[in-house]
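Pasted below: work-v2.csv, CSV, C-alpha atoms and all ligand atoms.
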```
chain,number,residue,atom,x,y,z
A,1,MET,CA,-50.2,-35.7,-15.2
A,2,ARG,CA,-51.5,-33.1,-17.7
A,3,ASP,CA,-49.1,-32.2,-20.5
A,4,PHE,CA,-48.4,-28.5,-20.5
A,5,SER,CA,-45.5,-28.5,-23.0
A,6,THR,CA,-47.6,-26.7,-25.6
A,7,ASP,CA,-50.7,-25.8,-23.7
A,8,HIS,CA,-51.1,-23.1,-21.1
A,9,SER,CA,-54.8,-22.9,-20.9
A,10,ALA,CA,-54.5,-24.0,-17.2
A,11,LEU,CA,-52.1,-21.1,-16.5
A,12,ALA,CA,-53.5,-18.4,-14.2
A,13,LEU,CA,-51.9,-15.1,-13.3
A,14,ASN,CA,-52.0,-14.0,-9.7
A,15,THR,CA,-51.7,-10.3,-10.1
A,16,ALA,CA,-49.3,-10.0,-7.1
A,17,SER,CA,-46.7,-11.3,-9.6
A,18,LEU,CA,-46.7,-7.9,-11.3
A,19,GLY,CA,-46.0,-6.1,-8.0
A,20,HIS,CA,-48.7,-3.5,-7.8
A,21,ASN,CA,-50.5,-5.1,-4.8
A,22,LEU,CA,-47.9,-3.5,-2.6
A,23,ASP,CA,-47.5,0.3,-2.4
A,24,GLY,CA,-44.5,1.6,-4.3
A,25,HIS,CA,-44.0,-1.6,-6.4
A,26,GLY,CA,-44.8,-2.8,-9.9
A,27,ALA,CA,-45.7,-0.9,-13.0
A,28,GLY,CA,-49.1,0.1,-11.8
A,29,TRP,CA,-51.2,-1.6,-14.5
A,30,SER,CA,-54.9,-1.3,-14.0
A,31,PRO,CA,-57.0,-4.5,-13.7
A,32,GLU,CA,-58.2,-3.9,-17.3
A,33,ARG,CA,-54.7,-3.7,-18.6
A,34,VAL,CA,-53.7,-6.9,-16.8
A,35,ILE,CA,-56.8,-8.7,-18.1
A,36,ASP,CA,-56.0,-7.7,-21.7
A,37,ALA,CA,-52.4,-8.7,-21.4
A,38,CYS,CA,-53.3,-12.1,-20.1
A,39,ALA,CA,-56.1,-12.7,-22.6
A,40,ALA,CA,-53.8,-11.7,-25.5
A,41,ARG,CA,-51.3,-14.3,-24.3
A,42,GLY,CA,-53.7,-17.1,-23.9
A,43,PHE,CA,-53.8,-17.4,-20.1
A,44,GLY,CA,-56.8,-19.3,-18.8
A,45,SER,CA,-57.6,-17.3,-15.7
A,46,VAL,CA,-56.6,-14.5,-13.4
A,47,VAL,CA,-56.6,-14.1,-9.6
A,48,PHE,CA,-57.0,-10.6,-8.1
A,49,TRP,CA,-56.3,-9.0,-4.8
A,50,ARG,CA,-58.9,-7.1,-2.9
A,51,ARG,CA,-57.2,-3.8,-3.1
A,52,GLU,CA,-57.3,-3.8,-6.9
A,53,ILE,CA,-61.1,-4.4,-6.9
A,54,GLY,CA,-62.5,-1.9,-4.5
A,55,SER,CA,-66.1,-1.4,-5.4
A,56,ARG,CA,-65.7,-2.6,-9.0
A,57,ALA,CA,-66.1,-6.4,-8.4
A,58,VAL,CA,-68.9,-7.0,-10.8
A,59,GLU,CA,-67.5,-4.8,-13.5
A,60,ILE,CA,-64.0,-6.3,-13.3
A,61,GLY,CA,-65.3,-9.9,-13.2
A,62,GLU,CA,-67.5,-9.3,-16.3
A,63,ARG,CA,-64.6,-7.6,-18.1
A,64,ALA,CA,-62.4,-10.6,-17.5
A,65,ARG,CA,-65.0,-13.1,-18.7
A,66,ALA,CA,-65.7,-11.0,-21.8
A,67,THR,CA,-62.1,-11.6,-22.9
A,68,GLY,CA,-62.4,-15.3,-22.3
A,69,LEU,CA,-60.5,-15.4,-19.0
A,70,SER,CA,-62.1,-16.9,-15.9
A,71,VAL,CA,-61.5,-15.4,-12.5
A,72,ALA,CA,-59.9,-18.3,-10.6
A,73,GLY,CA,-59.7,-16.6,-7.3
A,74,LEU,CA,-59.6,-13.6,-5.0
A,75,CYS,CA,-56.8,-12.9,-2.4
A,76,ARG,CA,-57.8,-12.9,0.4
A,77,THR,CA,-59.7,-12.8,3.6
A,78,PRO,CA,-58.4,-10.6,6.5
A,79,PHE,CA,-56.4,-12.5,9.1
A,80,LEU,CA,-58.8,-14.5,11.2
A,81,VAL,CA,-56.5,-14.8,14.2
A,82,GLY,CA,-53.5,-13.0,15.6
A,83,THR,CA,-52.7,-9.6,17.0
A,84,ASP,CA,-54.7,-7.8,14.4
A,85,ALA,CA,-57.7,-10.1,14.7
A,86,VAL,CA,-58.7,-9.9,18.4
A,87,ASP,CA,-62.1,-8.4,17.8
A,88,GLU,CA,-64.0,-11.4,16.6
A,89,ALA,CA,-67.1,-9.5,15.4
A,90,ALA,CA,-65.0,-7.1,13.4
A,91,VAL,CA,-62.9,-9.9,11.9
A,92,LEU,CA,-66.0,-11.9,10.8
A,93,ASP,CA,-67.6,-8.7,9.3
A,94,GLU,CA,-64.5,-8.0,7.2
A,95,ALA,CA,-64.2,-11.6,6.2
A,96,LYS,CA,-67.9,-11.6,5.1
A,97,ALA,CA,-67.2,-8.5,3.1
A,98,SER,CA,-64.4,-10.3,1.3
A,99,ILE,CA,-66.8,-13.2,0.6
A,100,ASP,CA,-69.2,-10.7,-0.9
A,101,MET,CA,-66.5,-9.3,-3.1
A,102,ALA,CA,-65.5,-12.7,-4.3
A,103,ALA,CA,-69.2,-13.4,-5.1
A,104,GLY,CA,-69.5,-10.1,-7.0
A,105,LEU,CA,-66.3,-10.8,-8.9
A,106,GLY,CA,-67.5,-14.3,-9.8
A,107,ALA,CA,-64.3,-15.7,-8.4
A,108,ALA,CA,-64.2,-19.4,-8.0
A,109,VAL,CA,-62.3,-19.4,-4.8
A,110,LEU,CA,-61.5,-17.0,-1.9
A,111,THR,CA,-58.2,-17.7,-0.3
A,112,ILE,CA,-57.8,-17.7,3.5
A,113,VAL,CA,-54.5,-16.7,5.0
A,114,VAL,CA,-55.3,-17.3,8.7
A,115,GLY,CA,-53.0,-15.0,10.6
A,116,GLY,CA,-50.4,-15.5,13.3
A,117,VAL,CA,-50.4,-16.6,16.9
A,118,HIS,CA,-53.2,-15.2,19.0
A,119,PRO,CA,-52.1,-12.8,21.7
A,120,ASP,CA,-51.5,-14.2,25.1
A,121,THR,CA,-51.0,-17.7,23.7
A,122,LYS,CA,-47.9,-19.7,22.8
A,123,GLY,CA,-47.5,-22.2,20.0
A,124,THR,CA,-50.1,-22.8,17.4
A,125,THR,CA,-52.6,-25.1,19.0
A,126,GLU,CA,-54.9,-22.5,20.6
A,127,SER,CA,-54.7,-20.3,17.5
A,128,LEU,CA,-55.7,-23.1,15.2
A,129,LYS,CA,-58.7,-23.8,17.4
A,130,ILE,CA,-59.8,-20.2,17.0
A,131,VAL,CA,-59.2,-20.4,13.2
A,132,THR,CA,-61.4,-23.5,13.1
A,133,ASP,CA,-64.3,-21.8,14.9
A,134,ARG,CA,-64.1,-18.7,12.8
A,135,VAL,CA,-63.9,-20.7,9.5
A,136,ALA,CA,-66.9,-22.7,10.7
A,137,ALA,CA,-68.8,-19.5,11.2
A,138,LEU,CA,-67.9,-18.2,7.7
A,139,ALA,CA,-68.4,-21.3,5.6
A,140,PRO,CA,-72.2,-21.3,5.4
A,141,TYR,CA,-72.2,-17.5,4.6
A,142,ALA,CA,-69.8,-18.3,1.7
A,143,ALA,CA,-71.8,-21.3,0.6
A,144,GLU,CA,-75.0,-19.2,0.3
A,145,ARG,CA,-73.0,-16.9,-2.1
A,146,ASN,CA,-71.5,-19.8,-4.1
A,147,VAL,CA,-67.9,-19.0,-2.9
A,148,LYS,CA,-65.4,-21.7,-2.1
A,149,LEU,CA,-63.0,-21.0,0.8
A,150,ALA,CA,-59.4,-22.2,0.4
A,151,LEU,CA,-57.2,-22.5,3.5
A,152,GLU,CA,-53.7,-21.7,2.4
A,153,PRO,CA,-51.0,-23.1,4.8
A,154,LEU,CA,-47.9,-20.8,4.7
A,155,ASN,CA,-44.3,-21.7,5.0
A,156,PRO,CA,-43.5,-22.1,8.8
A,157,VAL,CA,-41.3,-19.0,8.7
A,158,TYR,CA,-44.5,-17.0,8.8
A,159,ALA,CA,-46.1,-18.9,11.7
A,160,GLY,CA,-45.7,-16.1,14.2
A,161,ASN,CA,-47.3,-13.2,12.4
A,162,ARG,CA,-49.0,-14.3,9.2
A,163,SER,CA,-50.1,-17.9,9.4
A,164,CYS,CA,-50.2,-20.2,12.3
A,165,LEU,CA,-51.4,-22.7,9.7
A,166,THR,CA,-48.2,-24.1,8.2
A,167,THR,CA,-48.9,-27.6,6.8
A,168,VAL,CA,-51.4,-29.2,4.5
A,169,ARG,CA,-51.9,-31.7,7.3
A,170,ASP,CA,-53.3,-29.0,9.6
A,171,ALA,CA,-55.4,-27.5,6.8
A,172,VAL,CA,-57.0,-30.9,6.1
A,173,ASP,CA,-57.6,-31.3,9.9
A,174,ILE,CA,-59.5,-28.0,9.9
A,175,CYS,CA,-61.5,-29.1,6.8
A,176,GLU,CA,-62.4,-32.3,8.5
A,177,ALA,CA,-63.4,-30.6,11.7
A,178,VAL,CA,-65.6,-28.0,9.9
A,179,ASP,CA,-66.9,-30.5,7.4
A,180,ALA,CA,-68.3,-28.0,4.9
A,181,PRO,CA,-68.3,-28.9,1.2
A,182,ASN,CA,-67.1,-25.4,0.2
A,183,LEU,CA,-64.0,-25.5,2.4
A,184,GLY,CA,-60.7,-26.8,1.0
A,185,VAL,CA,-57.0,-26.2,0.7
A,186,ALA,CA,-54.8,-24.1,-1.6
A,187,VAL,CA,-51.4,-25.7,-2.2
A,188,ASP,CA,-48.6,-23.2,-2.9
A,189,VAL,CA,-45.2,-24.5,-3.9
A,190,TYR,CA,-43.5,-21.7,-1.9
A,191,HIS,CA,-45.1,-23.0,1.3
A,192,VAL,CA,-45.0,-26.7,0.9
A,193,TRP,CA,-41.9,-27.6,-1.2
A,194,TRP,CA,-39.9,-28.7,1.9
A,195,ASP,CA,-42.6,-31.0,3.3
A,196,SER,CA,-41.5,-34.7,2.9
A,197,GLY,CA,-45.0,-35.8,4.0
A,198,LEU,CA,-46.8,-33.7,1.4
A,199,ASP,CA,-48.0,-36.5,-0.9
A,200,ALA,CA,-49.8,-38.4,1.9
A,201,GLN,CA,-51.6,-35.2,3.0
A,202,LEU,CA,-52.6,-34.4,-0.6
A,203,GLN,CA,-54.0,-37.9,-0.9
A,204,ARG,CA,-55.9,-37.3,2.3
A,205,ALA,CA,-57.3,-34.0,1.0
A,206,GLY,CA,-58.4,-35.6,-2.3
A,207,LYS,CA,-59.9,-33.9,-5.3
A,208,ASP,CA,-62.9,-32.5,-3.4
A,209,ARG,CA,-60.7,-30.5,-1.0
A,210,ILE,CA,-57.8,-29.2,-3.2
A,211,PHE,CA,-59.1,-25.8,-4.5
A,212,GLY,CA,-55.9,-24.3,-5.8
A,213,TYR,CA,-52.3,-24.9,-6.9
A,214,HIS,CA,-49.8,-22.0,-6.8
A,215,LEU,CA,-46.6,-21.8,-8.6
A,216,CYS,CA,-43.3,-20.0,-8.1
A,217,ASP,CA,-39.9,-21.3,-6.7
A,218,TRP,CA,-37.9,-21.2,-3.5
A,219,LEU,CA,-34.5,-19.6,-4.2
A,220,ALA,CA,-31.8,-21.6,-2.4
A,221,ASP,CA,-30.3,-18.3,-1.1
A,222,THR,CA,-33.5,-16.4,-0.6
A,223,ARG,CA,-32.8,-12.9,0.8
A,224,ASP,CA,-36.3,-12.0,2.0
A,225,VAL,CA,-38.9,-14.7,2.9
A,226,LEU,CA,-41.7,-12.4,1.9
A,227,LEU,CA,-40.5,-10.5,-1.2
A,228,ASP,CA,-37.8,-12.7,-2.8
A,229,ARG,CA,-39.7,-15.5,-4.4
A,230,GLY,CA,-38.3,-17.1,-7.5
A,231,MET,CA,-39.6,-17.7,-11.0
A,232,MET,CA,-40.3,-21.3,-11.7
A,233,GLY,CA,-37.1,-23.1,-12.4
A,234,ASP,CA,-34.8,-20.6,-10.6
A,235,GLY,CA,-34.9,-22.4,-7.3
A,236,VAL,CA,-34.9,-25.7,-5.5
A,237,ALA,CA,-38.6,-26.8,-5.4
A,238,ASP,CA,-39.3,-30.0,-7.3
A,239,LEU,CA,-42.1,-28.5,-9.4
A,240,ARG,CA,-43.0,-31.6,-11.4
A,241,ALA,CA,-43.0,-33.8,-8.3
A,242,ILE,CA,-45.3,-31.4,-6.4
A,243,ARG,CA,-47.7,-31.2,-9.4
A,244,ALA,CA,-47.6,-35.0,-9.7
A,245,GLY,CA,-48.8,-35.1,-6.0
A,246,VAL,CA,-51.5,-32.5,-6.5
A,247,GLU,CA,-52.8,-34.1,-9.7
A,248,GLY,CA,-52.4,-37.6,-8.3
A,249,ALA,CA,-54.8,-36.5,-5.6
A,250,GLY,CA,-57.3,-35.5,-8.3
A,251,TYR,CA,-56.7,-31.8,-8.8
A,252,ALA,CA,-57.3,-30.6,-12.4
A,253,GLY,CA,-57.7,-26.9,-11.9
A,254,PRO,CA,-55.7,-23.8,-12.6
A,255,CYS,CA,-52.0,-23.4,-12.0
A,256,GLU,CA,-51.6,-20.0,-10.5
A,257,VAL,CA,-48.3,-18.2,-10.7
A,258,GLU,CA,-47.8,-16.1,-7.6
A,259,ILE,CA,-44.4,-14.4,-7.3
A,260,PHE,CA,-43.5,-11.7,-4.8
A,261,SER,CA,-40.2,-10.4,-6.0
A,262,ALA,CA,-39.5,-6.8,-5.1
A,263,ASN,CA,-36.0,-6.6,-6.4
A,264,ASN,CA,-36.3,-8.7,-9.6
A,265,TRP,CA,-39.6,-9.6,-11.3
A,266,TRP,CA,-41.5,-6.6,-10.0
A,267,LYS,CA,-38.9,-4.3,-11.5
A,268,ARG,CA,-39.3,-5.7,-15.0
A,269,ASP,CA,-41.8,-4.9,-17.7
A,270,PRO,CA,-45.0,-6.8,-16.9
A,271,GLY,CA,-45.3,-8.0,-20.4
A,272,GLU,CA,-41.9,-9.6,-20.2
A,273,VAL,CA,-42.8,-11.2,-16.9
A,274,LEU,CA,-45.9,-12.8,-18.4
A,275,ASP,CA,-43.9,-14.1,-21.4
A,276,VAL,CA,-41.3,-15.7,-19.1
A,277,MET,CA,-44.1,-17.3,-17.1
A,278,ILE,CA,-45.5,-19.0,-20.2
A,279,GLU,CA,-42.2,-20.2,-21.3
A,280,ARG,CA,-41.3,-21.7,-17.9
A,281,PHE,CA,-44.8,-23.2,-17.6
A,282,HIS,CA,-44.4,-25.1,-20.8
A,283,SER,CA,-40.9,-26.3,-20.1
A,284,LEU,CA,-40.5,-26.7,-16.3
A,285,CYS,CA,-43.8,-27.0,-14.5
A,301,ZN,ZN,-50.3,-18.8,-2.7
```
Before anything else, please render the file you have as structure tokens.
Ligand code: ZN
Amino acid sequence: MRDFSTDHSALALNTASLGHNLDGHGAGWSPERVIDACAARGFGSVVFWRREIGSRAVEIGERARATGLSVAGLCRTPFLVGTDAVDEAAVLDEAKASIDMAAGLGAAVLTIVVGGVHPDTKGTTESLKIVTDRVAALAPYAAERNVKLALEPLNPVYAGNRSCLTTVRDAVDICEAVDAPNLGVAVDVYHVWWDSGLDAQLQRAGKDRIFGYHLCDWLADTRDVLLDRGMMGDGVADLRAIRAGVEGAGYAGPCEVEIFSANNWWKRDPGEVLDVMIERFHSLC
């Protein structure tokens, strides 16, 4: 395992951790201010959300790289399945636009959050088939633009309305079915910490299919499954064991802190939040 005790060059900020990717939250820092704050602290990379980028993908990507940061990713595609994704042509068009944005930004990876259960179906089997077909349709378009696509399984609490894809196992199944070299998996502590079969699936994914590793913590008494994520060390996820599994499978990329926390971290000064991330990254991750 990599030694992060004095080195945070692998640390990436997911800008959602500062709150401003949801209306009415966060300190409202511009992408430029976030970039400068991360660069000044020695972060290795940053991950943006589409709403921050707008039509400025090339400009923001160049600005980040000029400070020495890389752009590790872009969040995210529209939902590919579920009640808001019934019109296949419209879904694929919007997803292609998100791929174009990732390419303009120079983002290494575009995250896919697949969406919930498809209307008029029950369970996840049919929905996952639709996801597989739509990802297969998008992968060549992304490959032509040098964009990797990372399927991010979400915690099963979201299976109904945000992600019928809930396990690394199912994500690797889709990767195997689509069989595109630019399709892989993003592993987020918040979504996988409970999974006793995780290590075997990470091994199955291997280094060529793990495209991202996301850090936060699961608070034992979480009050809101969407907006009450914990800072690393404040919850019950075994962070070192999960990273051992990810790195044991061959992953050596960024460790991206992604914390949705409407009533705690999003209320603090963003500079303080970044400082705490670095300290926890050195000591606990
Ligand atoms: Zn994530």
Within 12 Å of ligand ZN 301 (chain A) (only C-alpha atoms and all ligand atoms), residues as a ChimeraX atom specification:
/A:12-17,47-49,73-76,110-113,150-155,185-192,211-217,226,229,255-260
For a quick check of understanding, using all atoms listed in the file, which of A:Leu165, A:Ala64, A:Cys38, A:Val46 has the smallest distance to Leu80 in chain A?
A:Leu165
Set the distance at 10 Å and use all atoms listed in the file: which residues neighbour Asp195 in chain A once local chain neighbours fewer than 5 positions away are removed? I'd like the list as a list in words.
Asn155, Thr167, Val168 and Gln201 of chain A
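Residues in contact with Pro140 in chain A at 12 Å, where only C-alpha atoms are counted and same-chain residues fewer than 2 positions away are skipped, are listed as Lys96, Ile99, Arg134, Val135, Ala136, Ala137, Leu138, Ala142, Ala143, Glu144, Arg145, Asn146, Val147, Lys148, Leu149, Val178, Asp179, Ala180, Pro181, Asn182 and Leu183 of chain A.
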Distance in Å - CA of Tyr251 in chain A versus CA of Ile210 in chain A
6.3 Å
What is the distance between CA of Val34 in chain A and CA of Gly184 in chain A, in Å to one decimal?
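Computing it gives 27.6 Å between the two atoms.
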Residue neighbourhood Ala27 in chain A, 9 Å, only C-alpha atoms, exclusion window fewer than 3 positions, as a list in words:
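Listing them by chain and then by number gives Leu18, Gly19, His20, Trp266, Lys267, Arg268, Asp269 and Pro270 of chain A.
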Would you save the residues of that selection, restricted to C-alpha atoms, as a PDB file, in the coordinates of the input?
```
ATOM      1  CA  LEU A  18     -46.700  -7.900 -11.300  1.00  0.00           C
ATOM      2  CA  GLY A  19     -46.000  -6.100  -8.000  1.00  0.00           C
ATOM      3  CA  HIS A  20     -48.700  -3.500  -7.800  1.00  0.00           C
ATOM      4  CA  TRP A 266     -41.500  -6.600 -10.000  1.00  0.00           C
ATOM      5  CA  LYS A 267     -38.900  -4.300 -11.500  1.00  0.00           C
ATOM      6  CA  ARG A 268     -39.300  -5.700 -15.000  1.00  0.00           C
ATOM      7  CA  ASP A 269     -41.800  -4.900 -17.700  1.00  0.00           C
ATOM      8  CA  PRO A 270     -45.000  -6.800 -16.900  1.00  0.00           C
TER       9      PRO A 270
END
```
Neighbour list for Asp36 in chain A as a PyMOL selection string, cut-off 10 Å, only C-alpha atoms, skip fewer than 5 positions in-chain:
chain A and resi 31+41-42+63-64+67-69
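Nearest to Thr121 in chain A of all the residues A:Asp199, A:Asp133, A:Cys164, A:Leu239 is A:Cys164, based on all atoms listed in the file.
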Residue with smallest distance to Ala97 in chain A - pool A:Val225, A:Val114, A:Val157, A:Ala57, counting only C-alpha atoms:
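For Ala97 in chain A, the nearest of the candidates is A:Ala57.
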